[in-house]
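**Q** So that you have it, the file is input36.cif, and it contains mmCIF, C-alpha atoms and all ligand atoms:
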```cif
data_upload
#
loop_
_atom_site.label_atom_id
_atom_site.label_comp_id
_atom_site.auth_asym_id
_atom_site.auth_seq_id
_atom_site.Cartn_x
_atom_site.Cartn_y
_atom_site.Cartn_z
CA MET A 1 0.00 0.00 0.00
CA PHE A 2 1.17 3.49 -0.86
CA LYS A 3 1.93 5.38 2.31
CA ILE A 4 1.89 9.16 2.52
CA LEU A 5 4.35 10.26 5.17
CA ARG A 6 3.73 13.97 4.99
CA LYS A 7 1.74 16.46 3.00
CA GLY A 8 2.71 20.00 2.00
CA LYS A 9 1.06 22.64 4.18
CA GLN A 10 0.56 25.18 1.44
CA ASP A 11 0.21 23.02 -1.63
CA GLY A 12 -0.73 19.54 -2.81
CA SER A 13 2.74 18.01 -2.47
CA ARG A 14 3.16 14.60 -0.85
CA LEU A 15 6.10 12.69 0.57
CA GLY A 16 5.46 8.99 0.21
CA LEU A 17 6.65 5.39 0.21
CA LEU A 18 5.52 3.00 -2.47
CA PRO A 19 6.33 -0.66 -1.77
CA THR A 20 6.83 -2.79 -4.88
CA ALA A 21 8.12 -6.28 -5.53
CA GLY A 22 11.45 -4.75 -6.56
CA GLY A 23 11.81 -2.61 -3.45
CA ILE A 24 10.36 0.44 -1.73
CA ILE A 25 10.22 3.62 -3.80
CA GLU A 26 10.48 6.97 -2.07
CA THR A 27 8.29 9.57 -3.74
CA PRO A 28 8.43 12.04 -5.38
CA VAL A 29 10.60 9.97 -7.69
CA PHE A 30 12.23 10.64 -11.03
CA MET A 31 12.85 7.61 -13.23
CA PRO A 32 15.76 7.44 -15.61
CA ILE A 33 14.74 5.81 -18.88
CA ALA A 34 16.29 2.47 -19.78
CA THR A 35 14.62 2.26 -23.19
CA LYS A 36 16.24 -0.93 -24.46
CA GLY A 37 17.25 -2.38 -21.13
CA ALA A 38 19.99 0.17 -20.47
CA VAL A 39 20.09 3.80 -19.41
CA LYS A 40 22.24 5.18 -22.21
CA ASN A 41 25.94 5.29 -21.28
CA LEU A 42 25.47 4.21 -17.65
CA THR A 43 25.79 0.96 -15.71
CA PRO A 44 23.18 -0.06 -13.11
CA GLU A 45 25.84 0.40 -10.41
CA GLU A 46 26.22 4.01 -11.50
CA LEU A 47 22.45 4.49 -11.42
CA LYS A 48 22.39 3.20 -7.88
CA THR A 49 25.15 5.60 -6.85
CA LEU A 50 23.17 8.44 -8.41
CA GLY A 51 20.25 7.58 -6.14
CA ALA A 52 17.88 6.29 -8.80
CA GLY A 53 14.96 4.62 -7.02
CA LEU A 54 13.08 3.34 -10.06
CA ILE A 55 13.84 2.98 -13.75
CA LEU A 56 11.59 2.77 -16.80
CA GLY A 57 11.90 0.04 -19.41
CA ASN A 58 10.19 0.24 -22.81
CA THR A 59 8.01 -2.74 -23.64
CA TYR A 60 7.94 -2.03 -27.39
CA HIS A 61 11.72 -1.98 -27.75
CA LEU A 62 12.37 -5.02 -25.55
CA TRP A 63 9.62 -7.04 -27.24
CA LEU A 64 11.16 -6.42 -30.68
CA ARG A 65 14.76 -6.77 -29.55
CA PRO A 66 16.00 -9.01 -27.96
CA GLY A 67 12.47 -10.49 -27.80
CA MET A 68 10.68 -12.20 -24.96
CA GLU A 69 12.16 -15.64 -25.47
CA ILE A 70 15.64 -14.37 -24.68
CA ILE A 71 14.51 -12.19 -21.78
CA LYS A 72 12.64 -15.10 -20.21
CA LYS A 73 15.64 -17.37 -20.68
CA ALA A 74 17.85 -14.73 -19.08
CA GLY A 75 15.65 -14.82 -15.97
CA GLN A 76 13.65 -11.65 -16.72
CA LEU A 77 14.71 -8.06 -17.13
CA HIS A 78 16.16 -7.35 -13.67
CA LYS A 79 18.62 -10.19 -14.04
CA PHE A 80 19.30 -9.65 -17.74
CA MET A 81 20.33 -6.02 -17.21
CA ASN A 82 21.70 -6.50 -13.68
CA TRP A 83 19.39 -3.92 -12.07
CA PHE A 84 17.74 -5.23 -8.92
CA GLY A 85 15.78 -2.15 -7.94
CA PRO A 86 12.20 -1.45 -9.03
CA ILE A 87 11.35 -1.33 -12.73
CA LEU A 88 8.30 0.30 -14.29
CA THR A 89 7.44 -0.71 -17.84
CA ASP A 90 5.22 1.17 -20.24
CA SER A 91 2.61 -0.64 -22.32
CA GLY A 92 4.41 -0.32 -25.63
CA GLY A 93 1.38 1.37 -27.16
CA PHE A 94 2.81 4.83 -27.62
CA GLN A 95 5.79 3.55 -29.59
CA ALA A 96 3.67 1.07 -31.53
CA PHE A 97 1.38 3.90 -32.71
CA SER A 98 4.04 6.43 -33.50
CA LEU A 99 7.48 4.95 -33.94
CA GLY A 100 7.10 3.03 -37.19
CA PRO A 101 6.26 5.95 -39.46
CA ARG A 102 8.66 8.25 -37.60
CA MET A 103 11.59 5.85 -37.92
CA ALA A 104 10.73 5.15 -41.54
CA LYS A 105 10.73 8.86 -42.32
CA LYS A 106 14.11 9.30 -40.63
CA GLY A 107 16.05 6.56 -42.32
CA ASN A 108 15.83 4.32 -45.32
CA LEU A 109 13.53 1.91 -43.52
CA LYS A 110 10.36 0.07 -44.36
CA THR A 111 7.26 2.20 -43.95
CA ALA A 112 5.19 1.01 -41.05
CA GLU A 113 1.90 2.77 -40.52
CA ALA A 114 0.26 1.37 -37.39
CA LYS A 115 -3.37 0.22 -37.63
CA ILE A 116 -5.42 0.74 -34.51
CA SER A 117 -8.68 -1.12 -33.95
CA ASP A 118 -10.70 -1.95 -30.86
CA GLU A 119 -8.88 -5.26 -30.79
CA GLY A 120 -5.38 -3.75 -30.60
CA VAL A 121 -2.55 -2.17 -32.58
CA LYS A 122 -1.11 -3.79 -35.66
CA PHE A 123 2.33 -2.46 -36.58
CA LYS A 124 5.48 -3.39 -38.39
CA ASP A 125 9.00 -3.40 -37.06
CA PRO A 126 10.49 -0.47 -39.01
CA PHE A 127 13.80 -2.32 -39.34
CA ASP A 128 12.73 -5.62 -40.84
CA GLY A 129 9.04 -5.19 -41.67
CA LYS A 130 7.98 -8.04 -39.38
CA GLU A 131 4.37 -7.68 -38.31
CA TYR A 132 3.31 -7.45 -34.66
CA PHE A 133 -0.07 -7.22 -32.98
CA LEU A 134 -0.23 -5.53 -29.61
CA THR A 135 -3.42 -6.15 -27.65
CA PRO A 136 -4.17 -5.17 -24.05
CA GLU A 137 -3.67 -8.82 -23.02
CA ARG A 138 -0.41 -9.14 -24.95
CA SER A 139 0.94 -5.94 -23.40
CA ILE A 140 0.25 -7.21 -19.87
CA GLN A 141 1.73 -10.63 -20.67
CA ILE A 142 4.94 -9.06 -22.02
CA GLN A 143 5.27 -6.86 -18.96
CA LEU A 144 4.70 -9.87 -16.69
CA ASP A 145 7.33 -11.79 -18.63
CA LEU A 146 9.74 -8.86 -18.27
CA GLY A 147 9.25 -9.14 -14.50
CA SER A 148 8.11 -5.53 -14.22
CA ASP A 149 7.28 -4.17 -10.76
CA ILE A 150 4.88 -1.54 -12.05
CA ILE A 151 2.86 -2.46 -15.12
CA MET A 152 1.06 0.12 -17.25
CA VAL A 153 -2.21 -0.60 -19.06
CA LEU A 154 -2.35 -0.31 -22.84
CA ASP A 155 -3.96 3.04 -23.63
CA HIS A 156 -4.77 4.97 -26.77
CA CYS A 157 -2.85 8.25 -26.76
CA PRO A 158 -3.85 10.46 -29.70
CA PRO A 159 -1.60 13.34 -30.80
CA GLY A 160 -1.89 16.49 -28.66
CA MET A 161 -3.76 18.45 -31.32
CA ALA A 162 -6.11 15.65 -32.41
CA MET A 163 -9.74 16.49 -33.30
CA ARG A 164 -12.20 16.22 -30.44
CA LYS A 165 -14.05 13.26 -31.94
CA ASP A 166 -10.74 11.36 -32.19
CA VAL A 167 -10.00 12.11 -28.54
CA GLU A 168 -13.50 10.92 -27.61
CA GLY A 169 -12.82 7.65 -29.41
CA ALA A 170 -9.43 7.32 -27.71
CA VAL A 171 -10.96 7.79 -24.26
CA LYS A 172 -13.60 5.16 -24.96
CA ARG A 173 -10.96 2.73 -26.23
CA THR A 174 -8.62 3.51 -23.33
CA THR A 175 -11.37 2.55 -20.87
CA GLU A 176 -12.20 -0.65 -22.76
CA TRP A 177 -8.55 -1.62 -22.95
CA ALA A 178 -8.02 -0.77 -19.28
CA LYS A 179 -10.84 -3.19 -18.37
CA ARG A 180 -9.29 -5.94 -20.48
CA CYS A 181 -5.86 -5.27 -18.98
CA LYS A 182 -7.21 -5.49 -15.44
CA GLU A 183 -9.12 -8.69 -16.20
CA TYR A 184 -6.11 -10.35 -17.77
CA PHE A 185 -3.79 -9.10 -15.03
CA ASN A 186 -6.08 -10.47 -12.32
CA LYS A 187 -6.38 -13.79 -14.09
CA LYS A 188 -2.60 -14.17 -14.42
CA VAL A 189 -1.41 -12.67 -11.18
CA ASN A 190 -4.10 -13.87 -8.84
CA SER A 191 -4.75 -17.23 -10.41
CA LYS A 192 -4.37 -20.22 -8.10
CA SER A 193 -1.66 -21.74 -10.22
CA LYS A 194 0.44 -18.63 -9.89
CA ILE A 195 -0.19 -17.50 -6.36
CA ARG A 196 2.42 -15.02 -5.36
CA SER A 197 2.77 -13.36 -2.01
CA GLN A 198 1.39 -9.84 -1.91
CA THR A 199 4.89 -8.41 -1.72
CA LYS A 200 5.91 -10.14 -4.95
CA LYS A 201 2.89 -8.98 -6.89
CA PRO A 202 3.46 -6.30 -9.51
CA LEU A 203 1.33 -3.17 -9.39
CA LEU A 204 -1.01 -2.19 -12.22
CA PHE A 205 -1.50 1.48 -13.15
CA GLY A 206 -4.29 3.00 -15.23
CA ILE A 207 -3.71 5.93 -17.60
CA VAL A 208 -6.02 8.94 -17.82
CA GLN A 209 -6.45 10.29 -21.36
CA GLY A 210 -8.78 12.98 -22.73
CA GLY A 211 -6.41 15.45 -24.38
CA ILE A 212 -7.09 19.11 -23.71
CA HIS A 213 -10.81 18.62 -23.02
CA LYS A 214 -12.00 18.98 -19.44
CA ASP A 215 -15.08 16.76 -19.75
CA LEU A 216 -13.15 14.00 -21.51
CA ARG A 217 -10.38 14.07 -18.90
CA GLU A 218 -13.00 13.82 -16.16
CA GLN A 219 -14.80 11.01 -17.96
CA SER A 220 -11.55 9.10 -18.43
CA ALA A 221 -10.52 9.49 -14.79
CA LYS A 222 -13.96 8.45 -13.54
CA GLU A 223 -14.14 5.36 -15.73
CA LEU A 224 -10.67 4.24 -14.66
CA LEU A 225 -11.52 4.77 -10.99
CA ASP A 226 -14.54 2.52 -11.45
CA ILE A 227 -12.25 -0.25 -12.70
CA GLY A 228 -9.76 0.42 -9.88
CA PHE A 229 -5.97 0.45 -10.16
CA ASP A 230 -2.95 0.49 -7.83
CA GLY A 231 -1.95 3.89 -9.19
CA TYR A 232 -2.99 6.41 -11.82
CA ALA A 233 -0.96 8.00 -14.57
CA ILE A 234 -1.79 11.11 -16.52
CA GLY A 235 -0.98 10.41 -20.14
CA GLY A 236 -1.39 12.39 -23.33
CA VAL A 237 0.70 15.32 -22.12
CA ALA A 238 3.79 16.60 -23.94
CA VAL A 239 2.53 14.97 -27.15
CA GLY A 240 2.38 18.07 -29.32
CA GLU A 241 -0.26 20.16 -27.53
CA PRO A 242 0.63 23.67 -26.29
CA ARG A 243 2.97 23.04 -23.38
CA GLN A 244 1.03 25.22 -20.94
CA THR A 245 -2.19 23.22 -21.21
CA PHE A 246 -0.81 20.49 -18.98
CA TRP A 247 -1.23 22.71 -15.91
CA GLN A 248 -4.93 22.80 -16.70
CA VAL A 249 -5.02 19.05 -17.22
CA LEU A 250 -3.49 18.61 -13.75
CA GLU A 251 -6.05 20.99 -12.28
CA TRP A 252 -8.90 18.99 -13.80
CA VAL A 253 -7.64 15.48 -13.11
CA LEU A 254 -5.80 15.55 -9.77
CA PRO A 255 -8.83 16.38 -7.57
CA LEU A 256 -10.59 13.32 -9.01
CA LEU A 257 -7.80 10.87 -8.15
CA PRO A 258 -7.79 9.08 -4.79
CA GLU A 259 -5.40 10.52 -2.18
CA ASP A 260 -4.03 7.14 -1.22
CA LYS A 261 -2.84 6.06 -4.67
CA PRO A 262 0.39 7.14 -6.40
CA ARG A 263 0.11 9.54 -9.34
CA TYR A 264 2.43 9.42 -12.29
CA LEU A 265 2.84 12.21 -14.85
CA MET A 266 4.09 10.53 -18.02
CA GLY A 267 6.90 11.96 -20.11
CA LEU A 268 7.52 15.23 -18.30
CA GLY A 269 9.40 17.42 -17.87
CA LYS A 270 11.64 20.42 -17.44
CA PRO A 271 12.89 21.04 -13.89
CA GLU A 272 10.39 23.85 -13.25
CA GLU A 273 7.57 21.65 -14.55
CA ILE A 274 8.52 18.88 -12.15
CA VAL A 275 8.54 21.35 -9.26
CA GLY A 276 5.11 22.65 -10.25
CA ALA A 277 3.70 19.17 -10.74
CA VAL A 278 4.96 17.96 -7.34
CA LYS A 279 3.32 20.98 -5.74
CA ALA A 280 0.11 20.05 -7.55
CA GLY A 281 0.29 16.50 -6.14
CA ILE A 282 2.20 14.34 -8.64
CA ASP A 283 4.47 11.61 -7.21
CA MET A 284 6.26 10.05 -10.18
CA PHE A 285 8.00 11.30 -13.31
CA ASP A 286 9.95 10.05 -16.27
CA CYS A 287 11.64 12.16 -18.90
CA VAL A 288 14.35 11.82 -21.52
CA ILE A 289 15.62 15.37 -20.94
CA PRO A 290 18.59 14.73 -18.60
CA THR A 291 20.15 11.93 -20.63
CA ARG A 292 19.26 13.24 -24.10
CA GLU A 293 20.46 16.77 -23.33
CA ALA A 294 23.65 15.36 -21.80
CA ARG A 295 24.46 13.65 -25.08
CA HIS A 296 24.22 17.04 -26.78
CA GLY A 297 26.53 18.66 -24.24
CA ARG A 298 23.75 20.57 -22.50
CA ILE A 299 24.42 20.44 -18.78
CA TYR A 300 21.94 21.36 -16.04
CA LYS A 301 23.07 23.01 -12.82
CA PHE A 302 21.53 24.71 -9.82
CA LYS A 303 22.39 28.38 -9.45
CA LYS A 304 22.73 28.21 -5.69
CA ARG A 305 23.94 25.61 -3.26
CA ASN A 306 20.62 25.29 -1.41
CA PRO A 307 18.21 26.06 -4.23
CA LYS A 308 14.82 27.41 -3.20
CA LEU A 309 13.27 25.94 -6.37
CA LYS A 310 11.61 29.27 -7.18
CA GLY A 311 12.10 31.50 -10.21
CA ASN A 312 15.17 30.70 -12.28
CA PHE A 313 16.69 28.26 -9.82
CA TYR A 314 18.81 26.44 -12.41
CA GLU A 315 20.71 27.12 -15.62
CA THR A 316 22.16 25.11 -18.49
CA LEU A 317 25.72 25.20 -19.77
CA GLN A 318 26.38 24.37 -23.41
CA ILE A 319 29.67 22.71 -22.55
CA THR A 320 30.83 22.61 -26.19
CA ASN A 321 31.08 26.41 -26.15
CA GLY A 322 34.66 27.73 -26.51
CA LYS A 323 34.35 29.75 -23.32
CA PHE A 324 34.75 26.51 -21.33
CA ALA A 325 38.07 25.52 -22.95
CA LYS A 326 40.07 26.96 -20.04
CA ASP A 327 37.42 26.75 -17.33
CA PHE A 328 38.93 24.44 -14.72
CA GLN A 329 36.13 24.55 -12.17
CA PRO A 330 33.68 21.66 -11.83
CA ILE A 331 30.34 21.87 -13.67
CA GLU A 332 28.67 22.73 -10.39
CA LYS A 333 30.38 23.51 -7.12
CA GLY A 334 28.72 21.52 -4.37
CA CYS A 335 27.38 18.79 -6.67
CA ASP A 336 28.23 15.39 -5.21
CA CYS A 337 28.27 13.50 -8.51
CA TYR A 338 31.31 11.58 -9.76
CA THR A 339 31.79 14.02 -12.65
CA CYS A 340 31.83 17.16 -10.51
CA GLN A 341 34.00 15.50 -7.88
CA ASN A 342 36.71 14.59 -10.37
CA TYR A 343 36.59 16.60 -13.59
CA SER A 344 36.55 20.16 -14.84
CA ARG A 345 34.40 21.94 -17.39
CA ALA A 346 37.54 22.27 -19.54
CA TYR A 347 38.00 18.49 -19.55
CA LEU A 348 34.36 17.91 -20.54
CA TYR A 349 34.69 20.56 -23.25
CA HIS A 350 37.76 18.71 -24.55
CA LEU A 351 36.02 15.31 -24.49
CA PHE A 352 33.02 16.64 -26.42
CA ARG A 353 35.20 18.46 -28.96
CA THR A 354 37.19 15.30 -29.63
CA SER A 355 34.10 13.05 -29.65
CA GLU A 356 35.40 10.88 -26.81
CA PRO A 357 32.61 8.52 -25.62
CA LEU A 358 33.54 9.35 -22.02
CA ALA A 359 31.99 12.80 -22.62
CA LEU A 360 28.54 11.22 -22.85
CA ARG A 361 29.03 9.19 -19.70
CA LEU A 362 30.28 12.07 -17.57
CA ALA A 363 27.60 14.46 -18.82
CA SER A 364 24.83 11.85 -18.31
CA ILE A 365 26.03 11.14 -14.77
CA HIS A 366 25.83 14.79 -13.82
CA ASN A 367 22.49 15.55 -15.53
CA LEU A 368 20.77 12.53 -14.00
CA ARG A 369 22.17 13.39 -10.61
CA PHE A 370 20.84 16.93 -11.11
CA TYR A 371 17.32 15.56 -11.68
CA ILE A 372 17.56 13.19 -8.73
CA ARG A 373 18.92 15.99 -6.51
CA LEU A 374 15.92 18.04 -7.65
CA THR A 375 13.58 15.40 -6.22
CA GLU A 376 15.71 15.27 -3.05
CA GLU A 377 15.32 19.03 -2.66
CA LEU A 378 11.60 18.67 -3.24
CA LYS A 379 11.41 16.04 -0.50
CA LYS A 380 13.08 18.44 1.92
ZN ZN B 401 27.66 16.98 -10.83
#
```
Rewrite the structure of this file - the entire thing - as structure tokens.

**A**
Amino acid sequence: MFKILRKGKQDGSRLGLLPTAGGIIETPVFMPIATKGAVKNLTPEELKTLGAGLILGNTYHLWLRPGMEIIKKAGQLHKFMNWFGPILTDSGGFQAFSLGPRMAKKGNLKTAEAKISDEGVKFKDPFDGKEYFLTPERSIQIQLDLGSDIIMVLDHCPPGMAMRKDVEGAVKRTTEWAKRCKEYFNKKVNSKSKIRSQTKKPLLFGIVQGGIHKDLREQSAKELLDIGFDGYAIGGVAVGEPRQTFWQVLEWVLPLLPEDKPRYLMGLGKPEEIVGAVKAGIDMFDCVIPTREARHGRIYKFKKRNPKLKGNFYETLQITNGKFAKDFQPIEKGCDCYTCQNYSRAYLYHLFRTSEPLALRLASIHNLRFYIRLTEELKK
């Protein structure tokens, strides 16, 4: 059971503990993304040192490569990738809808337009054209086979600027799929043949859709609550809609969600967005920003040692800029990460300019630590 230890006096923030089969997660929590079974450039030992309490694995990618047969043979994902903390997996739906055509456009790959029906999502692997069919049941089965600690339902996430009637259809389908996911999950996890102790049972989260429409968001939340889940995610944000609308979505949805269940904002965000969302009552986040920006030499740092998390409390350094060539101070004084403890801005500048792979590692270590320190500051 999710336990709220303390609540903010002046806002909706919560300090909590979420027990999972993979361990207890302290919330608010930021999850580094291990798309294909690895957080880019980092080992699980490094993630642990950074204070990562939960990581996110992508069902779509792991299903296609290496495939479930190999992951099962390896003894599930924790063992395969040598990470023994909690793992949350997404449903694979978002990538199945969107990745084929996007990848095909990018490179000289086979076109793969996904076909969505009430039954599921038919899509082709953009690399070899092999056909896959993702249904709510299949998504849950894959996540069970991965050994996930927090399983997400298959939802239908339309683009942020989709027409209202398309969003209506997506909400309806999301509810139907959520029901099927729950039924299948219950059958598999609670079945007599597979009795597991409560502590070994994965959690199942529902996902609220509804785009930028208040009534549809409310409808989606209500219908999911009727089905009942271990936690609730807010999906369909940061998918191409005006960035500011997500504050409204939080305002509409959060009051409808039960106090005693964890709340996960999917795919966000910038540091100031995470601060705002925690104050609104969100407990869990995932975002590619720290690792992706690190690979482009964009480094996040707090402006002050004990940041108040108000106004412009952080800044970014474009470390490839010539002004850092002779800058021998650490990225951020007072940062406890391995990079700041041992290396200078000048050294990072040099590594990036000479395309040394170590540049990506050192920058990723610092940026992820920055995001995790942000949640530590928020907890304080
Ligand atoms: Zn650092």

**Q** Can you tell me, as a PDB file with C-alpha atoms, keeping the file's coordinate frame, what residues are no more than 12 Å from segment 5-10 of chain A when counting all atoms listed in the file, ignoring any on the same chain fewer than 2 positions away?

**A**
```pdb
ATOM      1  CA  PHE A   2       1.170   3.490  -0.860  1.00  0.00           C
ATOM      2  CA  LYS A   3       1.930   5.380   2.310  1.00  0.00           C
ATOM      3  CA  GLY A  12      -0.730  19.540  -2.810  1.00  0.00           C
ATOM      4  CA  SER A  13       2.740  18.010  -2.470  1.00  0.00           C
ATOM      5  CA  ARG A  14       3.160  14.600  -0.850  1.00  0.00           C
ATOM      6  CA  LEU A  15       6.100  12.690   0.570  1.00  0.00           C
ATOM      7  CA  GLY A  16       5.460   8.990   0.210  1.00  0.00           C
ATOM      8  CA  LEU A  17       6.650   5.390   0.210  1.00  0.00           C
ATOM      9  CA  LEU A  18       5.520   3.000  -2.470  1.00  0.00           C
ATOM     10  CA  GLU A  26      10.480   6.970  -2.070  1.00  0.00           C
ATOM     11  CA  THR A  27       8.290   9.570  -3.740  1.00  0.00           C
ATOM     12  CA  PRO A  28       8.430  12.040  -5.380  1.00  0.00           C
ATOM     13  CA  GLU A 259      -5.400  10.520  -2.180  1.00  0.00           C
ATOM     14  CA  ASP A 260      -4.030   7.140  -1.220  1.00  0.00           C
ATOM     15  CA  VAL A 278       4.960  17.960  -7.340  1.00  0.00           C
ATOM     16  CA  LYS A 279       3.320  20.980  -5.740  1.00  0.00           C
ATOM     17  CA  ALA A 280       0.110  20.050  -7.550  1.00  0.00           C
ATOM     18  CA  GLY A 281       0.290  16.500  -6.140  1.00  0.00           C
ATOM     19  CA  ILE A 282       2.200  14.340  -8.640  1.00  0.00           C
ATOM     20  CA  ASP A 283       4.470  11.610  -7.210  1.00  0.00           C
ATOM     21  CA  LEU A 378      11.600  18.670  -3.240  1.00  0.00           C
ATOM     22  CA  LYS A 379      11.410  16.040  -0.500  1.00  0.00           C
ATOM     23  CA  LYS A 380      13.080  18.440   1.920  1.00  0.00           C
TER      24      LYS A 380
END
```

**Q** Can you tell me which residues surround segment 199-211 of chain A at a distance of at most 7 Å, considering only C-alpha atoms, apart from same-chain residues fewer than 4 positions away, and format the answer as a PyMOL selection string?

**A** chain A and resi 20-21+148-153+155+157+160+167+171+178+216-217+220-221+224+229-236

**Q** For the interface of chain A with ligand ZN 401 (chain B) (cut-off 10 Å, counting only C-alpha atoms and all ligand atoms), please tabulate each contacting residue of chain A alongside its nearest pair of atoms and their separation in Å to one decimal, rows sorted by chain and increasing number, as JSON lines.

**A**
```
{"residue": "A:Leu50", "atom": "CA", "partner": "B:ZN401", "partner_atom": "ZN", "distance": 9.9}
{"residue": "A:Ile299", "atom": "CA", "partner": "B:ZN401", "partner_atom": "ZN", "distance": 9.3}
{"residue": "A:Tyr300", "atom": "CA", "partner": "B:ZN401", "partner_atom": "ZN", "distance": 8.9}
{"residue": "A:Lys301", "atom": "CA", "partner": "B:ZN401", "partner_atom": "ZN", "distance": 7.8}
{"residue": "A:Phe302", "atom": "CA", "partner": "B:ZN401", "partner_atom": "ZN", "distance": 9.9}
{"residue": "A:Pro330", "atom": "CA", "partner": "B:ZN401", "partner_atom": "ZN", "distance": 7.7}
{"residue": "A:Ile331", "atom": "CA", "partner": "B:ZN401", "partner_atom": "ZN", "distance": 6.3}
{"residue": "A:Glu332", "atom": "CA", "partner": "B:ZN401", "partner_atom": "ZN", "distance": 5.9}
{"residue": "A:Lys333", "atom": "CA", "partner": "B:ZN401", "partner_atom": "ZN", "distance": 8.0}
{"residue": "A:Gly334", "atom": "CA", "partner": "B:ZN401", "partner_atom": "ZN", "distance": 8.0}
{"residue": "A:Cys335", "atom": "CA", "partner": "B:ZN401", "partner_atom": "ZN", "distance": 4.5}
{"residue": "A:Asp336", "atom": "CA", "partner": "B:ZN401", "partner_atom": "ZN", "distance": 5.9}
{"residue": "A:Cys337", "atom": "CA", "partner": "B:ZN401", "partner_atom": "ZN", "distance": 4.2}
{"residue": "A:Tyr338", "atom": "CA", "partner": "B:ZN401", "partner_atom": "ZN", "distance": 6.6}
{"residue": "A:Thr339", "atom": "CA", "partner": "B:ZN401", "partner_atom": "ZN", "distance": 5.4}
{"residue": "A:Cys340", "atom": "CA", "partner": "B:ZN401", "partner_atom": "ZN", "distance": 4.2}
{"residue": "A:Gln341", "atom": "CA", "partner": "B:ZN401", "partner_atom": "ZN", "distance": 7.1}
{"residue": "A:Asn342", "atom": "CA", "partner": "B:ZN401", "partner_atom": "ZN", "distance": 9.4}
{"residue": "A:Tyr343", "atom": "CA", "partner": "B:ZN401", "partner_atom": "ZN", "distance": 9.4}
{"residue": "A:Leu362", "atom": "CA", "partner": "B:ZN401", "partner_atom": "ZN", "distance": 8.7}
{"residue": "A:Ala363", "atom": "CA", "partner": "B:ZN401", "partner_atom": "ZN", "distance": 8.4}
{"residue": "A:Ser364", "atom": "CA", "partner": "B:ZN401", "partner_atom": "ZN", "distance": 9.5}
{"residue": "A:Ile365", "atom": "CA", "partner": "B:ZN401", "partner_atom": "ZN", "distance": 7.2}
{"residue": "A:His366", "atom": "CA", "partner": "B:ZN401", "partner_atom": "ZN", "distance": 4.1}
{"residue": "A:Asn367", "atom": "CA", "partner": "B:ZN401", "partner_atom": "ZN", "distance": 7.1}
{"residue": "A:Leu368", "atom": "CA", "partner": "B:ZN401", "partner_atom": "ZN", "distance": 8.8}
{"residue": "A:Arg369", "atom": "CA", "partner": "B:ZN401", "partner_atom": "ZN", "distance": 6.6}
{"residue": "A:Phe370", "atom": "CA", "partner": "B:ZN401", "partner_atom": "ZN", "distance": 6.8}
{"residue": "A:Arg373", "atom": "CA", "partner": "B:ZN401", "partner_atom": "ZN", "distance": 9.8}
```

**Q** Work out how far atom CA of Asn312 of chain A is from atom CA of Trp252 of chain A, in Å to one decimal.

**A**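 Atom-to-atom, atom CA of Trp252 of chain A to atom CA of Asn312 of chain A, that is 26.8 Å.
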
**Q** Given the choices A:Thr135, A:Gln329, A:Val189, A:Val275, which gets closest to Tyr314 of chain A if the distance is worked out from all atoms listed in the file?

**A**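 Of A:Thr135, A:Gln329, A:Val189, A:Val275, the one nearest Tyr314 of chain A is A:Val275, counting all atoms listed in the file.
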
**Q** Counting only C-alpha atoms, find residues at most 12 Å from (26.7, 27.6, -22.6) (file frame) and give them as a PDB file with C-alpha atoms, in the coordinates of the input.

**A**
```
ATOM      1  CA  HIS A 296      24.220  17.040 -26.780  1.00  0.00           C
ATOM      2  CA  GLY A 297      26.530  18.660 -24.240  1.00  0.00           C
ATOM      3  CA  ARG A 298      23.750  20.570 -22.500  1.00  0.00           C
ATOM      4  CA  ILE A 299      24.420  20.440 -18.780  1.00  0.00           C
ATOM      5  CA  TYR A 300      21.940  21.360 -16.040  1.00  0.00           C
ATOM      6  CA  LYS A 301      23.070  23.010 -12.820  1.00  0.00           C
ATOM      7  CA  GLU A 315      20.710  27.120 -15.620  1.00  0.00           C
ATOM      8  CA  THR A 316      22.160  25.110 -18.490  1.00  0.00           C
ATOM      9  CA  LEU A 317      25.720  25.200 -19.770  1.00  0.00           C
ATOM     10  CA  GLN A 318      26.380  24.370 -23.410  1.00  0.00           C
ATOM     11  CA  ILE A 319      29.670  22.710 -22.550  1.00  0.00           C
ATOM     12  CA  THR A 320      30.830  22.610 -26.190  1.00  0.00           C
ATOM     13  CA  ASN A 321      31.080  26.410 -26.150  1.00  0.00           C
ATOM     14  CA  GLY A 322      34.660  27.730 -26.510  1.00  0.00           C
ATOM     15  CA  LYS A 323      34.350  29.750 -23.320  1.00  0.00           C
ATOM     16  CA  PHE A 324      34.750  26.510 -21.330  1.00  0.00           C
ATOM     17  CA  ALA A 325      38.070  25.520 -22.950  1.00  0.00           C
ATOM     18  CA  ASP A 327      37.420  26.750 -17.330  1.00  0.00           C
ATOM     19  CA  ILE A 331      30.340  21.870 -13.670  1.00  0.00           C
ATOM     20  CA  ARG A 345      34.400  21.940 -17.390  1.00  0.00           C
ATOM     21  CA  TYR A 349      34.690  20.560 -23.250  1.00  0.00           C
TER      22      TYR A 349
END
```

**Q** Between atom CA of Phe80 of chain A and atom CA of Lys188 of chain A, what is the distance in Å, rounded to a tenth?

**A**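 Between these atoms lies a distance of 22.6 Å.
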
**Q** Taking all listed atoms of segment 360-373 of chain A, build the axis-aligned box, pad each of the six sides by 6 Å, then write its centre and edge lengths in Å to one decimal as lines of an AutoDock Vina configuration file.

**A**
```
center_x = 23.8
center_y = 13.1
center_z = -14.7
size_x = 25.0
size_y = 19.7
size_z = 28.3
```

**Q** Kindly indicate which residue among A:Thr175, A:Ser91, A:Leu254, A:Glu183 lies nearest to Glu223 of chain A, using only C-alpha atoms for the distances.

**A**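 The answer is A:Thr175, which sits nearest to Glu223 of chain A.
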